[in-house]
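Q: Structure supplied as structure_3.txt; contents: compact mmCIF, C-alpha atoms.
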# COMPACT_ATOMS: atom_id res chain seq x y z
CA GLY P 229 19.75 32.16 -2.66
CA PHE P 230 16.30 30.77 -2.04
CA SER P 231 16.57 31.35 1.75
CA GLY P 232 14.44 28.34 2.62
CA ARG P 233 11.80 28.73 -0.09
CA ALA P 234 10.67 25.67 -2.03
CA MET P 235 12.39 24.90 -5.30
CA PRO P 236 10.19 24.99 -8.43
CA GLY P 237 8.36 21.67 -8.59
CA GLU P 238 8.25 21.32 -4.80
CA ASP P 239 5.62 24.03 -4.49
CA LYS P 240 2.17 22.63 -5.33
CA LYS P 241 1.45 25.66 -7.56
CA PHE P 242 4.02 24.35 -10.03
CA GLY P 243 3.59 21.21 -12.12
CA LYS P 244 6.29 18.84 -13.28
CA TYR P 245 7.05 21.28 -16.10
CA VAL P 246 7.06 25.06 -16.08
CA ASN P 247 6.47 26.32 -19.61
CA THR P 248 8.07 29.51 -20.84
CA SER P 249 6.84 31.85 -23.54
CA ASP P 250 8.13 32.14 -27.07
CA THR P 251 10.52 34.99 -27.81
CA PRO P 252 10.90 37.00 -31.03
CA VAL P 253 13.83 34.77 -32.04
CA TYR P 254 12.75 31.40 -30.61
CA LYS P 255 9.46 29.65 -31.37
CA LYS P 256 8.85 26.43 -29.45
CA SER P 257 6.44 25.18 -32.11
CA ASN P 258 9.28 25.10 -34.67
CA ASN P 259 11.75 23.18 -32.49
CA ILE P 260 12.09 19.78 -30.87
CA PHE P 261 13.79 19.18 -27.53
CA GLY P 262 16.68 16.73 -27.81
CA ILE P 263 16.86 16.58 -31.61
CA ASN P 264 20.45 17.86 -31.50
CA PHE P 265 21.44 14.62 -29.69
CA ALA P 266 18.84 12.23 -31.11
CA LYS P 267 19.51 12.98 -34.78
CA LYS P 268 22.55 10.67 -34.72
CA TYR P 269 20.41 7.76 -33.48
CA CYS P 270 17.07 8.03 -35.27
CA GLN P 271 17.69 6.46 -38.68
CA ASP P 272 15.24 3.65 -37.84
CA ASN P 273 12.81 5.64 -35.70
CA VAL P 274 12.46 8.40 -33.16
CA ILE P 275 10.63 8.20 -29.84
CA LEU P 276 8.35 11.22 -29.37
CA VAL P 277 7.37 12.02 -25.78
CA GLU P 278 5.62 14.95 -24.08
CA GLY P 279 8.15 16.28 -21.60
CA ASN P 280 11.79 17.26 -21.42
CA ILE P 281 12.24 15.12 -18.27
CA ASP P 282 11.00 12.09 -20.23
CA VAL P 283 13.67 12.75 -22.88
CA VAL P 284 16.41 13.00 -20.25
CA SER P 285 15.25 9.77 -18.55
CA LEU P 286 15.10 7.91 -21.86
CA HIS P 287 18.55 9.11 -22.94
CA GLN P 288 19.99 8.06 -19.56
CA ALA P 289 18.39 4.63 -20.02
CA GLY P 290 20.03 4.24 -23.46
CA PHE P 291 17.16 5.36 -25.71
CA GLU P 292 19.11 8.12 -27.41
CA ASN P 293 16.54 8.61 -30.18
CA ALA P 294 14.02 10.26 -27.80
CA VAL P 295 12.73 13.80 -28.36
CA ALA P 296 9.91 16.02 -27.03
CA ALA P 297 7.69 18.76 -28.42
CA LEU P 298 8.83 21.46 -25.93
CA GLY P 299 5.67 21.80 -23.88
CA THR P 300 3.49 22.76 -26.83
CA SER P 301 0.92 20.89 -28.87
CA PHE P 302 2.75 18.97 -31.57
CA THR P 303 2.87 21.00 -34.79
CA GLU P 304 3.24 20.35 -38.50
CA GLU P 305 6.55 22.29 -38.42
CA GLN P 306 7.86 19.86 -35.78
CA ALA P 307 6.69 16.89 -37.85
CA ARG P 308 8.52 18.26 -40.89
CA LEU P 309 11.66 18.69 -38.78
CA LEU P 310 11.43 15.05 -37.65
CA SER P 311 10.94 13.91 -41.26
CA ARG P 312 14.45 15.16 -42.06
CA TYR P 313 15.92 12.56 -39.72
CA THR P 314 13.61 9.54 -39.71
CA LYS P 315 10.76 7.76 -41.46
CA GLU P 316 9.00 6.37 -38.38
CA VAL P 317 7.91 7.95 -35.09
CA LEU P 318 7.08 5.96 -31.96
CA VAL P 319 4.61 8.13 -30.06
CA VAL P 320 4.62 7.78 -26.25
CA LEU P 321 2.33 10.47 -24.88
CA ASP P 322 0.99 10.62 -21.34
CA ALA P 323 -1.60 8.00 -20.41
CA ASP P 324 -4.48 10.31 -19.51
CA GLU P 325 -7.45 11.73 -21.41
CA ALA P 326 -5.44 14.76 -22.58
CA GLY P 327 -2.68 12.41 -23.73
CA GLU P 328 -5.19 10.34 -25.74
CA LYS P 329 -6.47 13.46 -27.52
CA ALA P 330 -2.91 14.65 -28.13
CA THR P 331 -1.98 11.21 -29.50
CA ASP P 332 -4.84 11.28 -32.01
CA ARG P 333 -3.90 14.81 -33.15
CA THR P 334 -0.18 13.95 -33.31
CA MET P 335 -0.83 10.84 -35.41
CA ARG P 336 -2.82 12.89 -37.94
CA ILE P 337 -0.05 15.49 -38.18
CA LEU P 338 2.68 12.85 -38.63
CA SER P 339 0.65 11.18 -41.37
CA SER P 340 0.08 14.52 -43.12
CA VAL P 341 3.84 14.96 -43.63
CA GLY P 342 4.38 11.36 -44.77
CA LEU P 343 5.82 9.89 -41.58
CA SER P 344 4.74 6.46 -40.45
CA ALA P 345 3.90 6.28 -36.77
CA ARG P 346 3.14 3.72 -34.12
CA ILE P 347 1.91 4.21 -30.57
CA ILE P 348 3.27 2.90 -27.30
CA ARG P 349 0.77 2.60 -24.46
CA LEU P 350 2.14 2.88 -20.93
CA PRO P 351 0.35 0.46 -18.62
CA ASP P 352 0.08 1.66 -14.99
CA CYS P 353 2.27 4.77 -15.43
CA LYS P 354 1.54 8.32 -16.50
CA ASP P 355 4.72 8.99 -18.52
CA PRO P 356 7.96 7.36 -19.77
CA ASP P 357 10.02 8.84 -16.91
CA GLU P 358 7.81 7.13 -14.32
CA TYR P 359 7.69 3.90 -16.35
CA ILE P 360 11.48 3.60 -16.57
CA GLN P 361 11.94 4.41 -12.89
CA LYS P 362 9.34 1.80 -11.95
CA HIS P 363 10.08 -0.98 -14.46
CA GLY P 364 13.51 -0.31 -16.02
CA ALA P 365 14.89 0.01 -19.54
CA GLY P 366 14.36 -3.65 -20.50
CA LYS P 367 10.61 -3.45 -19.99
CA PHE P 368 10.47 -0.14 -21.86
CA GLU P 369 12.29 -1.78 -24.78
CA ALA P 370 9.62 -4.51 -24.78
CA LEU P 371 6.93 -1.81 -24.99
CA LEU P 372 8.69 -0.34 -28.02
CA GLN P 373 8.68 -3.74 -29.70
CA GLY P 374 4.93 -3.97 -29.11
CA ALA P 375 4.10 -0.54 -30.55
CA ILE P 376 0.70 -0.51 -32.26
CA SER P 377 -0.62 1.20 -35.37
CA ASP P 378 -2.86 4.24 -35.38
CA ILE P 379 -5.88 2.08 -36.28
CA GLU P 380 -5.21 -0.40 -33.47
CA TYR P 381 -4.85 2.49 -31.03
CA ARG P 382 -8.10 4.13 -32.12
CA LEU P 383 -9.93 0.80 -31.79
CA TYR P 384 -8.41 0.41 -28.31
CA VAL P 385 -9.65 3.89 -27.30
CA ALA P 386 -13.12 3.06 -28.72
CA ALA P 387 -13.27 0.03 -26.39
CA LYS P 388 -12.48 2.02 -23.25
CA GLY P 389 -15.41 2.16 -20.85
CA VAL P 390 -17.41 -0.38 -22.86
CA ASP P 391 -18.50 -3.68 -21.31
CA LEU P 392 -17.45 -6.15 -24.01
CA GLU P 393 -19.01 -9.03 -22.06
CA ALA P 394 -22.53 -7.66 -22.55
CA ASP P 395 -24.40 -7.79 -25.87
CA ASP P 396 -25.27 -4.09 -25.81
CA GLY P 397 -21.63 -3.27 -24.95
CA ARG P 398 -20.37 -5.28 -27.92
CA LEU P 399 -22.91 -3.53 -30.14
CA GLN P 400 -21.79 -0.14 -28.79
CA TYR P 401 -18.14 -1.04 -29.50
CA LEU P 402 -19.03 -2.31 -33.00
CA ASN P 403 -20.65 1.05 -33.81
CA LYS P 404 -17.61 2.96 -32.49
CA ALA P 405 -15.25 0.67 -34.43
CA CYS P 406 -17.26 1.22 -37.62
CA GLU P 407 -16.93 4.98 -37.11
CA VAL P 408 -13.14 4.61 -36.78
CA LEU P 409 -12.88 2.44 -39.89
CA ALA P 410 -15.25 4.66 -41.91
CA GLU P 411 -13.10 7.69 -41.12
CA ILE P 412 -10.06 5.89 -42.50
Just dump the structure as structure tokens.
A:
Amino acid sequence: GFSGRAMPGEDKKFGKYVNTSDTPVYKKSNNIFGINFAKKYCQDNVILVEGNIDVVSLHQAGFENAVAALGTSFTEEQARLLSRYTKEVLVVLDADEAGEKATDRTMRILSSVGLSARIIRLPDCKDPDEYIQKHGAGKFEALLQGAISDIEYRLYVAAKGVDLEADDGRLQYLNKACEVLAEI
């Protein structure tokens, strides 16, 4: 037994997830957590989240089309695997700076394999698990209905930290928005 030691996750040295290494026969970057269950429910779309706990929470709340990228950066192999089961991916990555960068990268990868994708932003919560615990399945369903396009999301990110009430702030945002649109 543990003889009084803290369980993983209780000790501050551990995060919410403890990632394991690949093995010679199992590569995380080629697999998707939960796809074995979700494949029956993702004809319309699949919900892509960051963590395994998020997938479990979403399935328990009735969102059986949820999957995760197994604690790795999302890969083209994973996107191709998803494209076997669905045409649209609803991306719900963590609401922090790393999550924003991962969202941008994930959207590009999904597009490169021909999948359409929309983004769900989580107001006031860091991940889907926390959001469902705090607000419930009904509110999460409403977020899914309000999923935004890649362009809308990139324009939203460009506006972060900019004072849109001030003339110079609006000009700064306009320049950032032009960069986003020019890239497209």
Q: What is the CA of Ala326 in chain P to CA of Val385 in chain P distance in Å?
A: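 CA of Ala326 in chain P sits 12.6 Å away from CA of Val385 in chain P.
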Q: Got a sec: who's within 10 Å of Leu286 in chain P, counting only C-alpha atoms, leaving out chain neighbours fewer than 2 positions off, as a PyMOL selection string?
A: chain P and resi 275+277+280-284+288-295+356-357+360+365+368
Q: Residues near range 333-339 of chain P, anyone? I mean within 9 Å using only C-alpha atoms, not counting same-chain ones fewer than 2 positions away, as number ranges by chain.
A: P: 301-304, 307-308, 311, 317, 319, 328-331, 341-347, 378
Q: Let me make sure I understand: among P:Ile376, P:Ala296, P:Leu409, P:Ala370, which one has the smallest atom-to-atom distance to Ile260 in chain P if we use only C-alpha atoms?
A: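 Between P:Ile376, P:Ala296, P:Leu409, P:Ala370, the residue approaching Ile260 in chain P most closely is P:Ala296.
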Q: Could you tell me how far CA of Ala410 in chain P lies from CA of Gly374 in chain P, in Å and to one decimal?
A: 25.4 Å
Q: Because some atoms of range 311-322 of chain P are absent here, can you restore all heavy atoms and send them as an mmCIF file, in the coordinates of the input?
A:
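Output (part.cif):
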data_model
loop_
_atom_site.group_PDB
_atom_site.id
_atom_site.type_symbol
_atom_site.label_atom_id
_atom_site.label_comp_id
_atom_site.auth_asym_id
_atom_site.auth_seq_id
_atom_site.Cartn_x
_atom_site.Cartn_y
_atom_site.Cartn_z
ATOM 1 N N SER P 311 10.864 14.648 -39.990
ATOM 2 C CA SER P 311 10.940 13.910 -41.260
ATOM 3 C C SER P 311 12.292 14.068 -41.938
ATOM 4 O O SER P 311 12.634 13.287 -42.817
ATOM 5 C CB SER P 311 9.805 14.342 -42.201
ATOM 6 O OG SER P 311 10.035 15.637 -42.697
ATOM 7 N N ARG P 312 13.084 15.029 -41.526
ATOM 8 C CA ARG P 312 14.450 15.160 -42.060
ATOM 9 C C ARG P 312 15.376 14.068 -41.556
ATOM 10 O O ARG P 312 16.387 13.775 -42.155
ATOM 11 C CB ARG P 312 15.062 16.512 -41.661
ATOM 12 C CG ARG P 312 14.420 17.699 -42.265
ATOM 13 C CD ARG P 312 15.200 18.935 -41.875
ATOM 14 N NE ARG P 312 14.360 20.106 -41.901
ATOM 15 C CZ ARG P 312 14.675 21.256 -41.341
ATOM 16 N NH1 ARG P 312 15.819 21.384 -40.688
ATOM 17 N NH2 ARG P 312 13.852 22.273 -41.414
ATOM 18 N N TYR P 313 15.023 13.486 -40.386
ATOM 19 C CA TYR P 313 15.920 12.560 -39.720
ATOM 20 C C TYR P 313 15.439 11.115 -39.661
ATOM 21 O O TYR P 313 16.226 10.209 -39.404
ATOM 22 C CB TYR P 313 16.187 13.031 -38.276
ATOM 23 C CG TYR P 313 16.775 14.409 -38.222
ATOM 24 C CD1 TYR P 313 16.006 15.506 -37.844
ATOM 25 C CD2 TYR P 313 18.104 14.624 -38.571
ATOM 26 C CE1 TYR P 313 16.555 16.781 -37.808
ATOM 27 C CE2 TYR P 313 18.654 15.898 -38.540
ATOM 28 C CZ TYR P 313 17.875 16.969 -38.159
ATOM 29 O OH TYR P 313 18.415 18.234 -38.130
ATOM 30 N N THR P 314 14.139 10.891 -39.863
ATOM 31 C CA THR P 314 13.610 9.540 -39.710
ATOM 32 C C THR P 314 12.389 9.346 -40.591
ATOM 33 O O THR P 314 11.841 10.305 -41.123
ATOM 34 C CB THR P 314 13.249 9.265 -38.225
ATOM 35 O OG1 THR P 314 13.050 7.867 -38.038
ATOM 36 C CG2 THR P 314 12.018 10.032 -37.786
ATOM 37 N N LYS P 315 11.971 8.094 -40.712
ATOM 38 C CA LYS P 315 10.760 7.760 -41.460
ATOM 39 C C LYS P 315 9.644 7.273 -40.545
ATOM 40 O O LYS P 315 8.496 7.196 -40.940
ATOM 41 C CB LYS P 315 11.048 6.671 -42.507
ATOM 42 C CG LYS P 315 12.014 7.117 -43.578
ATOM 43 C CD LYS P 315 11.335 8.080 -44.527
ATOM 44 C CE LYS P 315 12.277 8.572 -45.594
ATOM 45 N NZ LYS P 315 12.253 10.003 -45.781
ATOM 46 N N GLU P 316 10.003 6.908 -39.296
ATOM 47 C CA GLU P 316 9.000 6.370 -38.380
ATOM 48 C C GLU P 316 9.114 7.037 -37.011
ATOM 49 O O GLU P 316 10.217 7.255 -36.502
ATOM 50 C CB GLU P 316 9.156 4.866 -38.203
ATOM 51 C CG GLU P 316 8.100 4.288 -37.272
ATOM 52 C CD GLU P 316 8.231 2.799 -37.070
ATOM 53 O OE1 GLU P 316 9.333 2.327 -36.747
ATOM 54 O OE2 GLU P 316 7.206 2.112 -37.216
ATOM 55 N N VAL P 317 7.966 7.345 -36.410
ATOM 56 C CA VAL P 317 7.910 7.950 -35.090
ATOM 57 C C VAL P 317 7.145 7.008 -34.154
ATOM 58 O O VAL P 317 6.060 6.539 -34.498
ATOM 59 C CB VAL P 317 7.217 9.329 -35.140
ATOM 60 C CG1 VAL P 317 7.135 9.938 -33.747
ATOM 61 C CG2 VAL P 317 7.956 10.263 -36.099
ATOM 62 N N LEU P 318 7.741 6.731 -33.010
ATOM 63 C CA LEU P 318 7.080 5.960 -31.960
ATOM 64 C C LEU P 318 6.553 6.975 -30.951
ATOM 65 O O LEU P 318 7.326 7.654 -30.279
ATOM 66 C CB LEU P 318 8.053 4.986 -31.298
ATOM 67 C CG LEU P 318 8.730 3.989 -32.241
ATOM 68 C CD1 LEU P 318 9.720 3.119 -31.475
ATOM 69 C CD2 LEU P 318 7.705 3.142 -32.971
ATOM 70 N N VAL P 319 5.248 7.107 -30.879
ATOM 71 C CA VAL P 319 4.610 8.130 -30.060
ATOM 72 C C VAL P 319 4.300 7.568 -28.679
ATOM 73 O O VAL P 319 3.584 6.578 -28.558
ATOM 74 C CB VAL P 319 3.307 8.631 -30.743
ATOM 75 C CG1 VAL P 319 2.612 9.681 -29.889
ATOM 76 C CG2 VAL P 319 3.606 9.169 -32.140
ATOM 77 N N VAL P 320 4.844 8.213 -27.631
ATOM 78 C CA VAL P 320 4.620 7.780 -26.250
ATOM 79 C C VAL P 320 4.135 8.992 -25.468
ATOM 80 O O VAL P 320 4.912 9.649 -24.797
ATOM 81 C CB VAL P 320 5.900 7.242 -25.584
ATOM 82 C CG1 VAL P 320 5.569 6.537 -24.276
ATOM 83 C CG2 VAL P 320 6.675 6.326 -26.489
ATOM 84 N N LEU P 321 2.856 9.314 -25.589
ATOM 85 C CA LEU P 321 2.330 10.470 -24.880
ATOM 86 C C LEU P 321 1.686 10.015 -23.565
ATOM 87 O O LEU P 321 1.414 8.839 -23.367
ATOM 88 C CB LEU P 321 1.337 11.236 -25.756
ATOM 89 C CG LEU P 321 1.959 11.759 -27.069
ATOM 90 C CD1 LEU P 321 0.939 12.562 -27.851
ATOM 91 C CD2 LEU P 321 3.199 12.584 -26.815
ATOM 92 N N ASP P 322 1.482 10.952 -22.682
ATOM 93 C CA ASP P 322 0.990 10.620 -21.340
ATOM 94 C C ASP P 322 -0.321 9.830 -21.403
ATOM 95 O O ASP P 322 -1.153 10.040 -22.279
ATOM 96 C CB ASP P 322 0.787 11.893 -20.521
ATOM 97 C CG ASP P 322 2.124 12.558 -20.156
ATOM 98 O OD1 ASP P 322 3.177 12.023 -20.547
ATOM 99 O OD2 ASP P 322 2.099 13.591 -19.489
#
